[in-house]
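Colleague: So here's coords-v5.pdb (PDB, C-alpha atoms).
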```pdb
ATOM      1  CA  MET J1236       0.000   0.000   0.000
ATOM      2  CA  ASP J1237       1.400   3.329  -1.088
ATOM      3  CA  VAL J1238       1.562   5.994   1.519
ATOM      4  CA  ALA J1239       1.362   9.524   0.243
ATOM      5  CA  VAL J1240       4.196  11.568   1.648
ATOM      6  CA  ARG J1241       3.104  15.064   2.413
ATOM      7  CA  HIS J1242       5.841  17.521   1.524
ATOM      8  CA  GLU J1243       5.860  20.919   3.092
ATOM      9  CA  GLU J1244       5.155  23.456   0.388
ATOM     10  CA  PRO J1245       7.905  26.041   0.042
ATOM     11  CA  ARG J1246       6.971  29.308   1.636
ATOM     12  CA  GLY J1247       6.371  32.249  -0.627
ATOM     13  CA  ASP J1248       8.352  35.452  -0.248
ATOM     14  CA  ASP J1249       5.244  37.320   0.889
ATOM     15  CA  GLU J1250       4.762  34.864   3.729
ATOM     16  CA  LEU J1251       8.440  35.083   4.651
ATOM     17  CA  LEU J1252       8.240  38.866   4.811
ATOM     18  CA  ALA J1253       5.157  38.625   7.035
ATOM     19  CA  ARG J1254       7.086  36.315   9.345
ATOM     20  CA  VAL J1255      10.095  38.679   9.316
ATOM     21  CA  ALA J1256       7.740  41.515  10.271
ATOM     22  CA  ALA J1257       6.637  39.362  13.222
ATOM     23  CA  GLY J1258      10.283  39.005  14.280
ATOM     24  CA  SER J1259      11.267  35.649  12.775
ATOM     25  CA  GLN J1260      15.014  35.451  12.242
ATOM     26  CA  ALA J1261      14.553  32.065  10.563
ATOM     27  CA  ALA J1262      12.342  33.692   7.911
ATOM     28  CA  LEU J1263      14.992  36.370   7.355
ATOM     29  CA  ALA J1264      17.645  33.661   6.988
ATOM     30  CA  GLU J1265      15.461  31.929   4.407
ATOM     31  CA  LEU J1266      15.029  35.169   2.451
ATOM     32  CA  ILE J1267      18.785  35.711   2.543
ATOM     33  CA  ALA J1268      19.387  32.166   1.292
ATOM     34  CA  ARG J1269      16.815  32.640  -1.447
ATOM     35  CA  HIS J1270      17.754  36.125  -2.686
ATOM     36  CA  GLY J1271      21.160  37.008  -1.275
ATOM     37  CA  ARG J1272      23.202  35.655  -4.140
ATOM     38  CA  GLY J1273      21.128  37.366  -6.828
ATOM     39  CA  LEU J1274      21.182  40.678  -4.963
ATOM     40  CA  ARG J1275      24.949  40.385  -4.490
ATOM     41  CA  THR J1276      25.471  39.708  -8.203
ATOM     42  CA  PHE J1277      23.237  42.637  -9.155
ATOM     43  CA  ALA J1278      25.053  45.013  -6.786
ATOM     44  CA  ALA J1279      28.519  43.812  -7.813
ATOM     45  CA  ARG J1280      27.790  44.315 -11.495
ATOM     46  CA  TYR J1281      26.214  47.719 -10.916
ATOM     47  CA  LEU J1282      28.954  48.992  -8.603
ATOM     48  CA  GLY J1283      31.914  47.132 -10.053
ATOM     49  CA  HIS J1284      33.211  46.216  -6.577
ATOM     50  CA  ALA J1285      32.467  42.985  -4.724
ATOM     51  CA  ALA J1286      33.198  44.520  -1.298
ATOM     52  CA  ASP J1287      30.747  47.362  -1.939
ATOM     53  CA  ALA J1288      28.185  44.811  -3.119
ATOM     54  CA  GLU J1289      28.534  42.898   0.158
ATOM     55  CA  ASP J1290      27.880  46.126   2.070
ATOM     56  CA  VAL J1291      24.821  46.851  -0.065
ATOM     57  CA  VAL J1292      23.343  43.381   0.479
ATOM     58  CA  GLN J1293      23.859  43.675   4.222
ATOM     59  CA  GLU J1294      22.102  47.055   4.165
ATOM     60  CA  VAL J1295      19.252  45.543   2.141
ATOM     61  CA  PHE J1296      18.590  42.832   4.698
ATOM     62  CA  VAL J1297      18.929  45.219   7.638
ATOM     63  CA  THR J1298      16.283  47.352   5.911
ATOM     64  CA  VAL J1299      14.125  44.264   5.335
ATOM     65  CA  TRP J1300      14.402  43.363   9.018
ATOM     66  CA  LYS J1301      13.337  46.872  10.050
ATOM     67  CA  GLN J1302      10.774  47.574   7.328
ATOM     68  CA  ALA J1303       9.165  44.209   6.518
ATOM     69  CA  ALA J1304       5.888  45.343   8.056
ATOM     70  CA  HIS J1305       5.687  48.085   5.413
ATOM     71  CA  PHE J1306       5.757  45.648   2.495
ATOM     72  CA  ASP J1307       2.391  45.562   0.735
ATOM     73  CA  PRO J1308       1.952  42.511  -1.516
ATOM     74  CA  LYS J1309      -0.877  44.312  -3.344
ATOM     75  CA  ARG J1310       1.649  46.820  -4.688
ATOM     76  CA  GLY J1311       4.093  44.306  -6.131
ATOM     77  CA  ARG J1312       6.139  41.180  -5.636
ATOM     78  CA  ALA J1313       8.457  40.751  -2.687
ATOM     79  CA  SER J1314      11.456  40.127  -4.943
ATOM     80  CA  THR J1315      10.766  43.417  -6.739
ATOM     81  CA  TRP J1316      10.688  45.182  -3.379
ATOM     82  CA  LEU J1317      14.039  43.624  -2.423
ATOM     83  CA  TYR J1318      15.655  44.695  -5.696
ATOM     84  CA  ARG J1319      14.233  48.203  -5.395
ATOM     85  CA  ILE J1320      15.859  48.487  -1.962
ATOM     86  CA  ALA J1321      19.099  47.130  -3.442
ATOM     87  CA  ALA J1322      18.981  49.590  -6.350
ATOM     88  CA  ASN J1323      18.476  52.505  -3.964
ATOM     89  CA  ARG J1324      21.358  51.319  -1.773
ATOM     90  CA  CYS J1325      23.576  50.932  -4.857
ATOM     91  CA  ILE J1326      22.827  54.505  -5.881
ATOM     92  CA  ASP J1327      23.597  55.691  -2.346
ATOM     93  CA  GLN J1328      26.834  53.689  -2.307
ATOM     94  CA  ARG J1329      27.930  55.068  -5.662
ATOM     95  CA  ARG J1330      27.224  58.631  -4.521
ATOM     96  CA  ARG J1331      29.152  58.098  -1.294
ATOM     97  CA  ARG J1332      32.078  56.672  -3.235
ATOM     98  CA  ALA J1333      31.961  59.498  -5.793
ATOM     99  CA  LEU J1334      31.878  62.107  -3.043
ATOM    100  CA  ARG J1335      34.760  60.492  -1.148
ATOM    101  CA  SER J1336      36.759  60.202  -4.336
ATOM    102  CA  PHE J1337      35.876  63.717  -5.462
ATOM    103  CA  MET J1338      36.935  65.178  -2.127
ATOM    104  CA  GLY J1339      40.091  63.074  -1.984
ATOM    105  CA  LEU J1340      39.069  61.014   1.025
ATOM    106  CA  ASP J1341      39.857  57.702  -0.669
ATOM    107  CA  ASP J1342      43.139  56.465  -1.991
ATOM    108  CA  VAL J1343      42.198  57.905  -5.360
ATOM    109  CA  GLY J1344      45.616  57.443  -6.873
ATOM    110  CA  VAL J1345      45.063  53.712  -6.986
ATOM    111  CA  GLU J1346      41.800  54.162  -8.895
ATOM    112  CA  LEU J1347      43.062  56.859 -11.265
ATOM    113  CA  ALA J1348      46.338  55.192 -12.152
ATOM    114  CA  ALA J1349      46.761  51.905 -13.958
ATOM    115  CA  PRO J1350      46.723  48.774 -11.776
ATOM    116  CA  GLU J1351      50.473  48.346 -12.205
ATOM    117  CA  ALA J1352      51.098  52.000 -11.363
ATOM    118  CA  ASP J1353      54.193  52.889  -9.468
ATOM    119  CA  ALA J1354      54.608  55.450  -6.710
ATOM    120  CA  GLU J1355      55.265  58.216  -9.241
ATOM    121  CA  ALA J1356      51.943  57.637 -11.043
ATOM    122  CA  THR J1357      50.083  57.479  -7.729
ATOM    123  CA  THR J1358      51.663  60.746  -6.600
ATOM    124  CA  ALA J1359      50.796  62.386  -9.932
ATOM    125  CA  ALA J1360      47.157  61.280  -9.615
ATOM    126  CA  ARG J1361      46.956  62.710  -6.108
ATOM    127  CA  GLN J1362      48.507  65.987  -7.257
ATOM    128  CA  GLU J1363      45.963  66.189 -10.078
ATOM    129  CA  LEU J1364      43.130  65.698  -7.601
ATOM    130  CA  ALA J1365      44.597  68.385  -5.326
ATOM    131  CA  ILE J1366      44.714  70.795  -8.277
ATOM    132  CA  VAL J1367      41.048  70.071  -9.098
ATOM    133  CA  ARG J1368      40.033  70.638  -5.459
ATOM    134  CA  ASP J1369      42.018  73.874  -5.377
ATOM    135  CA  GLY J1370      40.378  75.012  -8.606
ATOM    136  CA  LEU J1371      36.933  74.217  -7.208
ATOM    137  CA  SER J1372      37.644  76.160  -4.035
ATOM    138  CA  ARG J1373      38.523  79.245  -6.114
ATOM    139  CA  LEU J1374      35.247  79.220  -8.063
ATOM    140  CA  PRO J1375      32.413  81.545  -7.106
ATOM    141  CA  GLU J1376      30.057  79.764  -4.713
ATOM    142  CA  ARG J1377      27.175  79.272  -7.153
ATOM    143  CA  GLN J1378      29.442  77.882  -9.895
ATOM    144  CA  ARG J1379      31.041  75.504  -7.393
ATOM    145  CA  MET J1380      27.602  74.385  -6.186
ATOM    146  CA  ALA J1381      26.365  73.780  -9.733
ATOM    147  CA  LEU J1382      29.453  71.721 -10.621
ATOM    148  CA  LEU J1383      29.223  69.659  -7.437
ATOM    149  CA  LEU J1384      25.506  69.018  -7.957
ATOM    150  CA  ARG J1385      26.341  67.769 -11.447
ATOM    151  CA  ALA J1386      29.493  65.785 -10.607
ATOM    152  CA  VAL J1387      28.582  64.356  -7.236
ATOM    153  CA  GLY J1388      24.793  64.570  -7.134
ATOM    154  CA  ASP J1389      24.493  63.419 -10.758
ATOM    155  CA  LEU J1390      21.686  65.934 -11.264
ATOM    156  CA  ASP J1391      20.652  67.147 -14.688
ATOM    157  CA  ILE J1392      20.248  70.845 -15.523
ATOM    158  CA  ALA J1393      16.595  70.908 -14.421
ATOM    159  CA  GLY J1394      17.498  69.281 -11.106
ATOM    160  CA  ILE J1395      20.355  71.720 -10.516
ATOM    161  CA  ALA J1396      18.056  74.642 -11.310
ATOM    162  CA  GLU J1397      15.435  73.333  -8.882
ATOM    163  CA  VAL J1398      17.962  72.855  -6.068
ATOM    164  CA  MET J1399      19.514  76.267  -6.635
ATOM    165  CA  GLY J1400      16.220  78.087  -7.133
ATOM    166  CA  SER J1401      17.162  79.382 -10.570
ATOM    167  CA  SER J1402      16.111  78.909 -14.161
ATOM    168  CA  ALA J1403      17.483  76.070 -16.270
ATOM    169  CA  GLY J1404      19.309  78.634 -18.423
ATOM    170  CA  SER J1405      21.019  80.143 -15.387
ATOM    171  CA  ALA J1406      22.044  76.716 -14.118
ATOM    172  CA  GLU J1407      23.464  75.835 -17.525
ATOM    173  CA  GLN J1408      25.454  79.090 -17.618
ATOM    174  CA  LEU J1409      26.832  78.414 -14.131
ATOM    175  CA  LEU J1410      28.029  75.005 -15.318
ATOM    176  CA  VAL J1411      29.573  76.423 -18.507
ATOM    177  CA  ARG J1412      31.416  79.193 -16.645
ATOM    178  CA  GLY J1413      32.478  76.874 -13.825
ATOM    179  CA  ARG J1414      33.841  74.238 -16.206
ATOM    180  CA  ARG J1415      35.681  76.885 -18.233
ATOM    181  CA  ALA J1416      37.263  78.370 -15.100
ATOM    182  CA  LEU J1417      38.229  74.908 -13.854
ATOM    183  CA  ARG J1418      39.782  73.987 -17.226
ATOM    184  CA  ASP J1419      41.738  77.265 -17.208
ATOM    185  CA  HIS J1420      42.963  76.530 -13.681
ATOM    186  CA  LEU J1421      44.073  73.030 -14.725
ATOM    187  CA  ALA J1422      45.850  74.401 -17.812
ATOM    188  CA  MET J1423      47.700  76.989 -15.731
ATOM    189  CA  ALA J1424      48.732  74.335 -13.221
ATOM    190  CA  ALA J1425      49.994  72.097 -16.045
ATOM    191  CA  THR J1426      52.001  74.978 -17.541
ATOM    192  CA  SER J1427      53.462  75.735 -14.127
ATOM    193  CA  ARG J1428      54.476  72.071 -13.658
ATOM    194  CA  GLU J1429      56.143  72.014 -17.085
ATOM    195  CA  ARG J1430      58.213  75.074 -16.215
ATOM    196  CA  LYS J1431      59.400  73.455 -13.001
ATOM    197  CA  SER J1432      60.505  70.261 -14.743
TER     198      SER J1432
END
```
Any chance you could put this one into structure tokens?

Modeller:
Amino acid sequence: MDVAVRHEEPRGDDELLARVAAGSQAALAELIARHGRGLRTFAARYLGHAADAEDVVQEVFVTVWKQAAHFDPKRGRASTWLYRIAANRCIDQRRRRALRSFMGLDDVGVELAAPEADAEATTAARQELAIVRDGLSRLPERQRMALLLRAVGDLDIAGIAEVMGSSAGSAEQLLVRGRRALRDHLAMAATSRERKS
């Protein structure tokens, strides 16, 4: 006589999120096992750095732990919600990295120079960054703000205009003048370096 073996049906993501919202660490572990690898791959390919991707995935699941009660299955699938969180964290991570790099808080020379770069190339990259920072500091405040909103905030002209409370034409002119002044500063610095060599 055959005995039907009753297999436990795999839990859906919606149910797992409901259990996470109720405080189930086991449900969170199951979500991590189910989606962690895909989220990590997505983040690594978007960011280009495996270590940053690990940070993003950790942030995603911390957010899931804290915000699971806010997930509404009527508004979309759980996996979509997870990837939306991951995409937002990737954007945040990229902005943080761009800001740190732009302000010289990272070891930028390693990123700017070739992988086999020697100490001389690393020093040159750092000097170049210092010249850019110096040039930015010499710009009028509104030009500097417009350039930073574009370079670091990745805002378009309309976004820059909205943040600065100006017209799109004014924002565009601030960018044009700021870039021109920065290019002139870089050219003067290059000429000065050539004279010294």

Colleague: So that I can check the surroundings of segment 1377-1394 of chain J, please list as a VMD selection string every protein, DNA and RNA residue that reaches within 10 Å of it, counting only C-alpha atoms and ignoring chain neighbours fewer than 2 positions away.

Modeller: chain J and resid 1329 to 1338 1370 to 1375 1396 to 1414 1416 to 1417

Colleague: For the structure provided, state which residues fall under the PyMOL selection byres ((chain J and resi 1424) around 12), and present them as a CSV table (one decimal) with C-alpha atoms, in the frame of the given file.

Modeller:
```
chain,number,residue,atom,x,y,z
J,1362,GLN,CA,48.5,66.0,-7.3
J,1363,GLU,CA,46.0,66.2,-10.1
J,1364,LEU,CA,43.1,65.7,-7.6
J,1365,ALA,CA,44.6,68.4,-5.3
J,1366,ILE,CA,44.7,70.8,-8.3
J,1367,VAL,CA,41.0,70.1,-9.1
J,1369,ASP,CA,42.0,73.9,-5.4
J,1370,GLY,CA,40.4,75.0,-8.6
J,1417,LEU,CA,38.2,74.9,-13.9
J,1418,ARG,CA,39.8,74.0,-17.2
J,1419,ASP,CA,41.7,77.3,-17.2
J,1420,HIS,CA,43.0,76.5,-13.7
J,1421,LEU,CA,44.1,73.0,-14.7
J,1422,ALA,CA,45.8,74.4,-17.8
J,1423,MET,CA,47.7,77.0,-15.7
J,1425,ALA,CA,50.0,72.1,-16.0
J,1426,THR,CA,52.0,75.0,-17.5
J,1427,SER,CA,53.5,75.7,-14.1
J,1428,ARG,CA,54.5,72.1,-13.7
J,1429,GLU,CA,56.1,72.0,-17.1
J,1430,ARG,CA,58.2,75.1,-16.2
J,1431,LYS,CA,59.4,73.5,-13.0
```

Colleague: Could you state which residues are captured by the PyMOL selection byres ((chain J and resi 1311-1317) around 10) in this file, as a ChimeraX atom specification?

Modeller: /J:1247-1252,1266,1269-1271,1274,1292,1295-1296,1298-1299,1303,1306-1310,1318-1322

Colleague: State, in Å with one decimal place, the distance from atom CA of Thr1276 of chain J to atom CA of Arg1254 of chain J.

Modeller: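 Between these atoms lies a distance of 25.6 Å.
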
Colleague: What separation in Å, quoted to one decimal, exists between atom CA of Ala1261 of chain J and atom CA of Trp1300 of chain J?

Modeller: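 Atom CA of Trp1300 of chain J lies at a distance of 11.4 Å from atom CA of Ala1261 of chain J.
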
Colleague: Between atom CA of Glu1289 of chain J and atom CA of Arg1272 of chain J, what distance in Å does the model show, to one decimal?

Modeller: 10.0 Å

Colleague: Using only C-alpha atoms, which residue out of J:Gln1328, J:Ile1267, J:Gly1273, J:Gly1258 lies closest to Ala1286 of chain J?

Modeller: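 Residue with the minimum atom-to-atom distance to Ala1286 of chain J: J:Gln1328.
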
Colleague: Using only C-alpha atoms, can you tell me which of J:Cys1325, J:Ala1288, J:Ala1257, J:Ala1278 comes closest to His1305 of chain J?

Modeller: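 Closest residue, counting only C-alpha atoms: J:Ala1257.
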